[in-house]
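To start, the structure under review is shown below, and the notes come after it.
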2 protein chains.
Amino acid sequence: MYKYHIMKNKSSSIILISGLLSVGLANHQNVFAIERVKASKPNFIIILADDMGYGDVGVFGHPTISTPNLDKMASEGQKWTNFYVAAPVCTPSRAGLLTGRLPIRTGMCSEKRRVLFPNSKGGLPEKEVTIASALKTTGYATACIGKWHLGHLPKFAPNSHGFDYYYGIPYSNDMDVKETANYISYVTSPKIDYFNVPLMRNSEVIERPADQTTITKRYTQEATKFIKQNKDKPFFLYLAHSMPHVPLFRSKEFENKSLRGIYGDVIEELDWSVGEILAALKQNGLDKNTFVIFTSDNGPWTVFQDQGGSAGLLTGGKGGTYEGGMREPTIFRWPGTLKPGVIMEMGTTMDLLPTFCKLANVSLPNDRIYDGYDISPVLFGTGKDPRDVVFYYRDVQIFAIRKGNYKAHFRTQPEYGSEVVTVQDPPLLYNLNIDPSERHNVADKHPDIIAEMKIILEKHQASIVSVENQLEK
Amino acid sequence: MYKYHIMKNKSSSIILISGLLSVGLANHQNVFAIERVKASKPNFIIILADDMGYGDVGVFGHPTISTPNLDKMASEGQKWTNFYVAAPVCTPSRAGLLTGRLPIRTGMCSEKRRVLFPNSKGGLPEKEVTIASALKTTGYATACIGKWHLGHLPKFAPNSHGFDYYYGIPYSNDMDVKETANYISYVTSPKIDYFNVPLMRNSEVIERPADQTTITKRYTQEATKFIKQNKDKPFFLYLAHSMPHVPLFRSKEFENKSLRGIYGDVIEELDWSVGEILAALKQNGLDKNTFVIFTSDNGPWTVFQDQGGSAGLLTGGKGGTYEGGMREPTIFRWPGTLKPGVIMEMGTTMDLLPTFCKLANVSLPNDRIYDGYDISPVLFGTGKDPRDVVFYYRDVQIFAIRKGNYKAHFRTQPEYGSEVVTVQDPPLLYNLNIDPSERHNVADKHPDIIAEMKIILEKHQASIVSVENQLEK
């Protein structure tokens, strides 16, 4: 098999010895003896937060949000500090994650309508291959639990895109507001019945409006149930939380729990959920055979002030192409296989599809362009990062490009709420590793890099073929 | 003795069992068997960085500075996210740390000269009690290694303030610049002989100019030597690094090591140094009997751009009274005694003196006001934080007050380089736990809190007695 499987087995053996001994002495649960061996088909879990900022996790620097489960996940796993999404808003970001392709290639971005709305007629085209449909070809059980937002007509729904099971809301939790004139006051002082968002199980609406107070808890219960039900076969679980997208809701147990106010309560419930998922893996003997990824779909929606998150030391937020809009707090965990540490190489959510397919030994159709890379060499420390470039799309336009340390901004618009787009000519240039906050423009010093960026831009644009726009339908 | 000693012994026993077993199996060094028991007199080590920002540590959110030793120290110990210094610049901050008293009470702050300079004639008055002089009364060995900056005339030197041993530079590493007209170019493109800063051992100058390239390494070697020499008696080590204050220097081994450029190299050498200190404790069987604190003296000097640090999600930097100037990345470690976790209660460097004295059973003279509190209840989880208020002094004036969650700014000047002081009337008010970046002024909503802050201000000002100014001498 792969080199890392050998590493994994070695490492497992060592842990097994100390594990068994500590069991006898300290009365721990003997999790190692029941570990199931299905090395050739690891399970995959993606936990996606919605609008959570780079700085909203303890181990990413937040002073008053308590995230012990994520912090522990980071210390046991890999904390990725340069991990990006495909777009700074929901629909295109999720399309990129599930297909490994930039939204411009799937028709899932638009300047007029930045995301899908309840009245939209479009969605992720049927011919697109998702992580779920790819893994299904090799016998994976698949579930999407949470927010979909890639089209709610039947042909675009999760069950039409490779998911055996779906439980969640079809679009954002602030859509279907009952009185659009009251949008701002409704989302900032929310009540469940201000919104008419449906909760679905597969193609059936099971609750409308969805009780968002308990939604994080119920997603978590559905997720742990799915894990238990599928403990004897490989599975892919896509747990896409609706929170902390406004309107903010949390269970009774998390009310006023956080020093950070309601936003902190919501994040702390998500952190609790992560703990439940990891505990379920251990309880079902799947801990060492499951690759878990935690990230967010885009940066914080700061226009909502205390009800929006923080991008930490990064600039900008949701909707914009500064780092705060598209760099996410990301943690990878796969005990015994991934060497714990901080990973500063670049990665994106689009890299998950090719990486998972490599690990599960699945071939992808070769009739299309993928923008993701198999990042196994970085994950397993066996080689160089195949990714050296990140494109920052705002809808259908490239606003910025990162190559290596440098990022050139051709156009800027920091985030939602700052609606003026500024054409940057000459482009702004930042060394992101040295200046992650994008404060000191160094374009004057590096005309060669600017020139190189322009060539990358042209080459990339030449690869884009016009497709039907799904968001304007 | 104290309740936490009982906790400590219990906890040590459990670790001892598993420790001894793992030794036999995994061939680890048997550190537990040689653990020396001197429970009533723990050792204390303060590691102080110079001008390091809140966001410059991995576990405080920096994406490209690699700090594995500090990250591990945080996961094994307590990460304090609301820990402050006594002032946003060097001299008064250090005076506050060592005396447990606000600099306004010791004459160690001034509006005209914000810190001591090579031509200064003043210093920390002889009648002040420092952590070192207090602990000496009960038999502690004491050393100051690094930057002093509390007066360089003999009567103000470390040896006159309770330190048995001193090795370091008497003031900042950018002072004694050979050509003052070239200050900016000298500090940003530094060479050793641009500066004439002396390196001292006790009262003797042993090198001039100090070779700053190897200074972090040599401080570390001196520190580990002191630990080894004093392994059989209680000790207090004050390791006050000169770095990352500009001009930035680091050893050959750290040149171009960090993705964050020279500033990152410097921090990564400090992180290495922390690893060496902790390893020395383990090697000498002192790990479980030594209370180690890592923090910084003030916020980052951001006017130096890439050569200054980052306050992370906090606003402002060195010289100012927004959070970035005075809240520091702080880690407490005392294995087996401190329960690991994230501590969000308030603390300040001034609390170290009373806390250490309580732990070492030392009485302090009662003829003066202390601004520090014994924070043992928070450290050991046995009670409420005795500290509910923080005063933010800019030199001799109070610019802001924090009480509980809220901070009122009466005057603002974000940091060095922004020299305009703005009187805020009405004061600005921020809820720091909810809005750590101080973005959303909530003064309008809380006139009662503003009124309370004014009373706190008046009461505090009534406690201030005029003393001789040491910085203007």
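For the structure tokens, the naming scheme is as follows: chains receive sequential letters (A, B, ...) according to their order of presentation, residues are indexed from 1 within each chain, and ligands are indexed from 1 in presentation order.
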Using DSSP on the backbone, list every residue of stretch 134-316 of chain A that comes out as helix (DSSP H, G or I), and give them as a ChimeraX atom specification. /A:134-136,154-156,158-160,180-188,192-194,212-229,252-254,261-283,287-289,302-307
Env of A:Ser133: 10 Å cut, atoms = only C-alpha atoms, seq-sep filter 2 positions within chain, self excluded. Answer as a ChimeraX atom specification. /A:98-99,128-131,135-138,140,142,158-164
Could you save the residues just selected, with C-alpha atoms, as a CSV table (one decimal), in the first residue's frame?
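Final file, selection_2.csv:
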chain,number,residue,atom,x,y,z
A,98,LEU,CA,-17.3,19.0,-2.5
A,99,THR,CA,-16.1,19.0,-6.1
A,128,GLU,CA,-20.3,17.2,-11.1
A,129,VAL,CA,-18.6,14.5,-9.0
A,130,THR,CA,-18.6,15.2,-5.3
A,131,ILE,CA,-16.5,13.6,-2.5
A,135,LEU,CA,-16.3,7.5,-2.5
A,136,LYS,CA,-19.7,5.7,-3.1
A,137,THR,CA,-18.1,4.0,-6.1
A,138,THR,CA,-15.9,2.1,-3.7
A,140,TYR,CA,-18.5,4.1,1.3
A,142,THR,CA,-22.2,8.6,3.0
A,158,PRO,CA,-27.6,15.8,-1.3
A,159,ASN,CA,-29.3,12.5,-2.2
A,160,SER,CA,-28.7,13.3,-5.9
A,161,HIS,CA,-25.0,14.0,-5.2
A,162,GLY,CA,-23.8,10.8,-3.7
A,163,PHE,CA,-25.2,11.1,-0.2
A,164,ASP,CA,-27.1,8.0,1.1
Should the cut-off be 8 Å, what would the residue list for chain A against chain B look like, counting only C-alpha atoms, as JSON, numbers by chain? {"A": [18, 22, 25, 55, 58, 59, 60, 61, 62, 63, 64, 66, 75, 81, 82, 259, 260, 261, 305, 306, 310, 311, 312, 313, 342, 344, 433, 434, 435, 436, 440]}
So that I can check the surroundings of A:Thr91, please list as a ChimeraX atom specification every protein, DNA and RNA residue that reaches within 10 Å of it, counting only C-alpha atoms and ignoring chain neighbours fewer than 5 positions away. /A:86,96,103,108-109,114-117,123-124,148-151,171-172,297,471
As an exercise, work out the distance from atom CA of A:Lys454 to atom CA of A:Tyr392 in Å and give it to one decimal place.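 Between these atoms lies a distance of 13.9 Å.
Between atom CA of B:Gly107 and atom CA of B:Glu126 there is a distance of 11.9 Å.
When atom CA of A:Ile47 is paired with atom CA of A:Ala210, their separation reads 20.5 Å.
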List the spatial neighbours of A:Asp444 as a ChimeraX atom specification - criterion: any atom at most 12 Å away, only C-alpha atoms, same-chain residues fewer than 4 positions off excluded. /A:426-430,440,448-451
Looking only at the backbone, which of the residues in stretch 175-392 of chain A does DSSP tag as strand (DSSP E), as number ranges by chain? A: 199-201, 204-207, 235-240, 290-296, 330-333, 341-343, 347-348, 389-392
Between B:Ser203, B:Ser376, B:Ser110, B:Asn289, which residue has the minimum interatomic distance to B:Asp351, considering only C-alpha atoms?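 Distance minimum relative to B:Asp351 lands on B:Ser376.
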Compile the contact shell of A:Lys288 as JSON, numbers by chain: residues with an atom at most 7 Å away, counting only C-alpha atoms, same-chain residues fewer than 2 positions apart removed. {"A": [286, 290, 334, 335, 336]}
Would you mind exporting N, CA, C and O atoms of the selected residues as an mmCIF file, in the first residue's frame?
data_model
loop_
_atom_site.group_PDB
_atom_site.id
_atom_site.type_symbol
_atom_site.label_atom_id
_atom_site.label_comp_id
_atom_site.auth_asym_id
_atom_site.auth_seq_id
_atom_site.Cartn_x
_atom_site.Cartn_y
_atom_site.Cartn_z
ATOM 1 N N LEU A 286 -13.107 3.305 16.174
ATOM 2 C CA LEU A 286 -12.786 3.835 14.843
ATOM 3 C C LEU A 286 -11.763 4.966 14.879
ATOM 4 O O LEU A 286 -11.426 5.543 13.846
ATOM 5 N N THR A 290 -9.952 6.840 11.280
ATOM 6 C CA THR A 290 -10.810 7.918 10.778
ATOM 7 C C THR A 290 -10.036 9.225 10.708
ATOM 8 O O THR A 290 -9.393 9.650 11.663
ATOM 9 N N TRP A 334 -5.884 12.388 12.741
ATOM 10 C CA TRP A 334 -5.927 10.974 12.355
ATOM 11 C C TRP A 334 -4.853 10.291 13.202
ATOM 12 O O TRP A 334 -3.718 10.134 12.765
ATOM 13 N N PRO A 335 -5.233 9.891 14.407
ATOM 14 C CA PRO A 335 -4.224 9.435 15.380
ATOM 15 C C PRO A 335 -3.438 8.235 14.865
ATOM 16 O O PRO A 335 -4.013 7.299 14.317
ATOM 17 N N GLY A 336 -2.154 8.284 15.049
ATOM 18 C CA GLY A 336 -1.295 7.185 14.627
ATOM 19 C C GLY A 336 -0.878 7.280 13.172
ATOM 20 O O GLY A 336 0.026 6.577 12.741
#
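The closest residue to A:Lys473, picked from A:Val197, A:Met73, A:Arg113, A:Gly320 and counting only C-alpha atoms, is A:Arg113.
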Near stretch 236-243 of chain A, counting only C-alpha atoms, which residues have an atom at most 8 Å away, once you skip same-chain residues fewer than 2 positions from it, shown as number ranges by chain? A: 43-51, 132, 135, 140-148, 169, 172-173, 215-216, 219, 223, 234, 245-246, 248-249, 266-267, 270
Selection file, C-alpha atoms, as a PDB file, in the first residue's frame:
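part13.pdb written:
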ATOM      1  CA  ASN A  43     -13.305   6.834   7.186  1.00  0.00           C
ATOM      2  CA  PHE A  44     -13.521  10.541   6.431  1.00  0.00           C
ATOM      3  CA  ILE A  45     -15.315  13.194   8.448  1.00  0.00           C
ATOM      4  CA  ILE A  46     -15.466  16.859   7.457  1.00  0.00           C
ATOM      5  CA  ILE A  47     -16.830  19.163  10.145  1.00  0.00           C
ATOM      6  CA  LEU A  48     -17.597  22.528   8.594  1.00  0.00           C
ATOM      7  CA  ALA A  49     -18.547  25.601  10.584  1.00  0.00           C
ATOM      8  CA  ASP A  50     -20.469  28.413   8.901  1.00  0.00           C
ATOM      9  CA  ASP A  51     -19.010  31.965   9.016  1.00  0.00           C
ATOM     10  CA  ALA A 132     -19.602  11.552  -1.665  1.00  0.00           C
ATOM     11  CA  LEU A 135     -16.347   7.487  -2.491  1.00  0.00           C
ATOM     12  CA  TYR A 140     -18.497   4.051   1.261  1.00  0.00           C
ATOM     13  CA  ALA A 141     -21.581   4.851   3.291  1.00  0.00           C
ATOM     14  CA  THR A 142     -22.181   8.586   2.975  1.00  0.00           C
ATOM     15  CA  ALA A 143     -24.126  11.184   4.934  1.00  0.00           C
ATOM     16  CA  CYS A 144     -24.621  14.908   4.726  1.00  0.00           C
ATOM     17  CA  ILE A 145     -25.790  16.349   8.010  1.00  0.00           C
ATOM     18  CA  GLY A 146     -26.392  20.072   8.259  1.00  0.00           C
ATOM     19  CA  LYS A 147     -26.610  22.944   5.821  1.00  0.00           C
ATOM     20  CA  TRP A 148     -26.477  22.071   2.119  1.00  0.00           C
ATOM     21  CA  ILE A 169     -31.487  22.620   6.216  1.00  0.00           C
ATOM     22  CA  SER A 172     -28.800  29.410   5.111  1.00  0.00           C
ATOM     23  CA  ASN A 173     -30.589  29.752   8.414  1.00  0.00           C
ATOM     24  CA  ILE A 215     -30.144  22.212  15.724  1.00  0.00           C
ATOM     25  CA  THR A 216     -26.462  21.838  16.613  1.00  0.00           C
ATOM     26  CA  TYR A 219     -26.970  17.392  13.967  1.00  0.00           C
ATOM     27  CA  ALA A 223     -23.790  12.266  13.225  1.00  0.00           C
ATOM     28  CA  PRO A 234     -16.012   2.675   5.450  1.00  0.00           C
ATOM     29  CA  HIS A 245     -24.151  31.999  10.792  1.00  0.00           C
ATOM     30  CA  VAL A 246     -26.675  34.571  12.038  1.00  0.00           C
ATOM     31  CA  LEU A 248     -27.419  32.715  16.363  1.00  0.00           C
ATOM     32  CA  PHE A 249     -29.127  29.942  18.321  1.00  0.00           C
ATOM     33  CA  VAL A 266     -22.597  29.021  19.798  1.00  0.00           C
ATOM     34  CA  ILE A 267     -18.914  28.240  19.180  1.00  0.00           C
ATOM     35  CA  LEU A 270     -19.815  23.459  18.191  1.00  0.00           C
TER      36      LEU A 270
END
So which one's closest to A:Asp385, A:Gly324, A:Gly316, A:Gly417, A:Gly372? Using only C-alpha atoms, please.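 Checking each candidate against A:Asp385, we get A:Gly372 as the closest.
Residues in contact range of B:Val390, defined as at most 7 Å between only C-alpha atoms, with sequence neighbours fewer than 5 positions away removed, read Ile401, Arg402 and Lys403 of chain B.
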Got time to write the residues from that selection, N, CA, C and O atoms, as a PDB file, in the first residue's frame?
ATOM      1  N   ILE B 401      -9.260  52.142  32.520  1.00  0.00           N
ATOM      2  CA  ILE B 401      -9.494  51.244  33.656  1.00  0.00           C
ATOM      3  C   ILE B 401     -10.330  50.070  33.175  1.00  0.00           C
ATOM      4  O   ILE B 401     -11.319  50.262  32.455  1.00  0.00           O
ATOM      5  N   ARG B 402      -9.939  48.874  33.565  1.00  0.00           N
ATOM      6  CA  ARG B 402     -10.795  47.706  33.338  1.00  0.00           C
ATOM      7  C   ARG B 402     -11.376  47.286  34.674  1.00  0.00           C
ATOM      8  O   ARG B 402     -10.651  47.135  35.661  1.00  0.00           O
ATOM      9  N   LYS B 403     -12.687  47.081  34.683  1.00  0.00           N
ATOM     10  CA  LYS B 403     -13.319  46.458  35.849  1.00  0.00           C
ATOM     11  C   LYS B 403     -14.195  45.335  35.330  1.00  0.00           C
ATOM     12  O   LYS B 403     -15.114  45.576  34.543  1.00  0.00           O
TER      13      LYS B 403
END
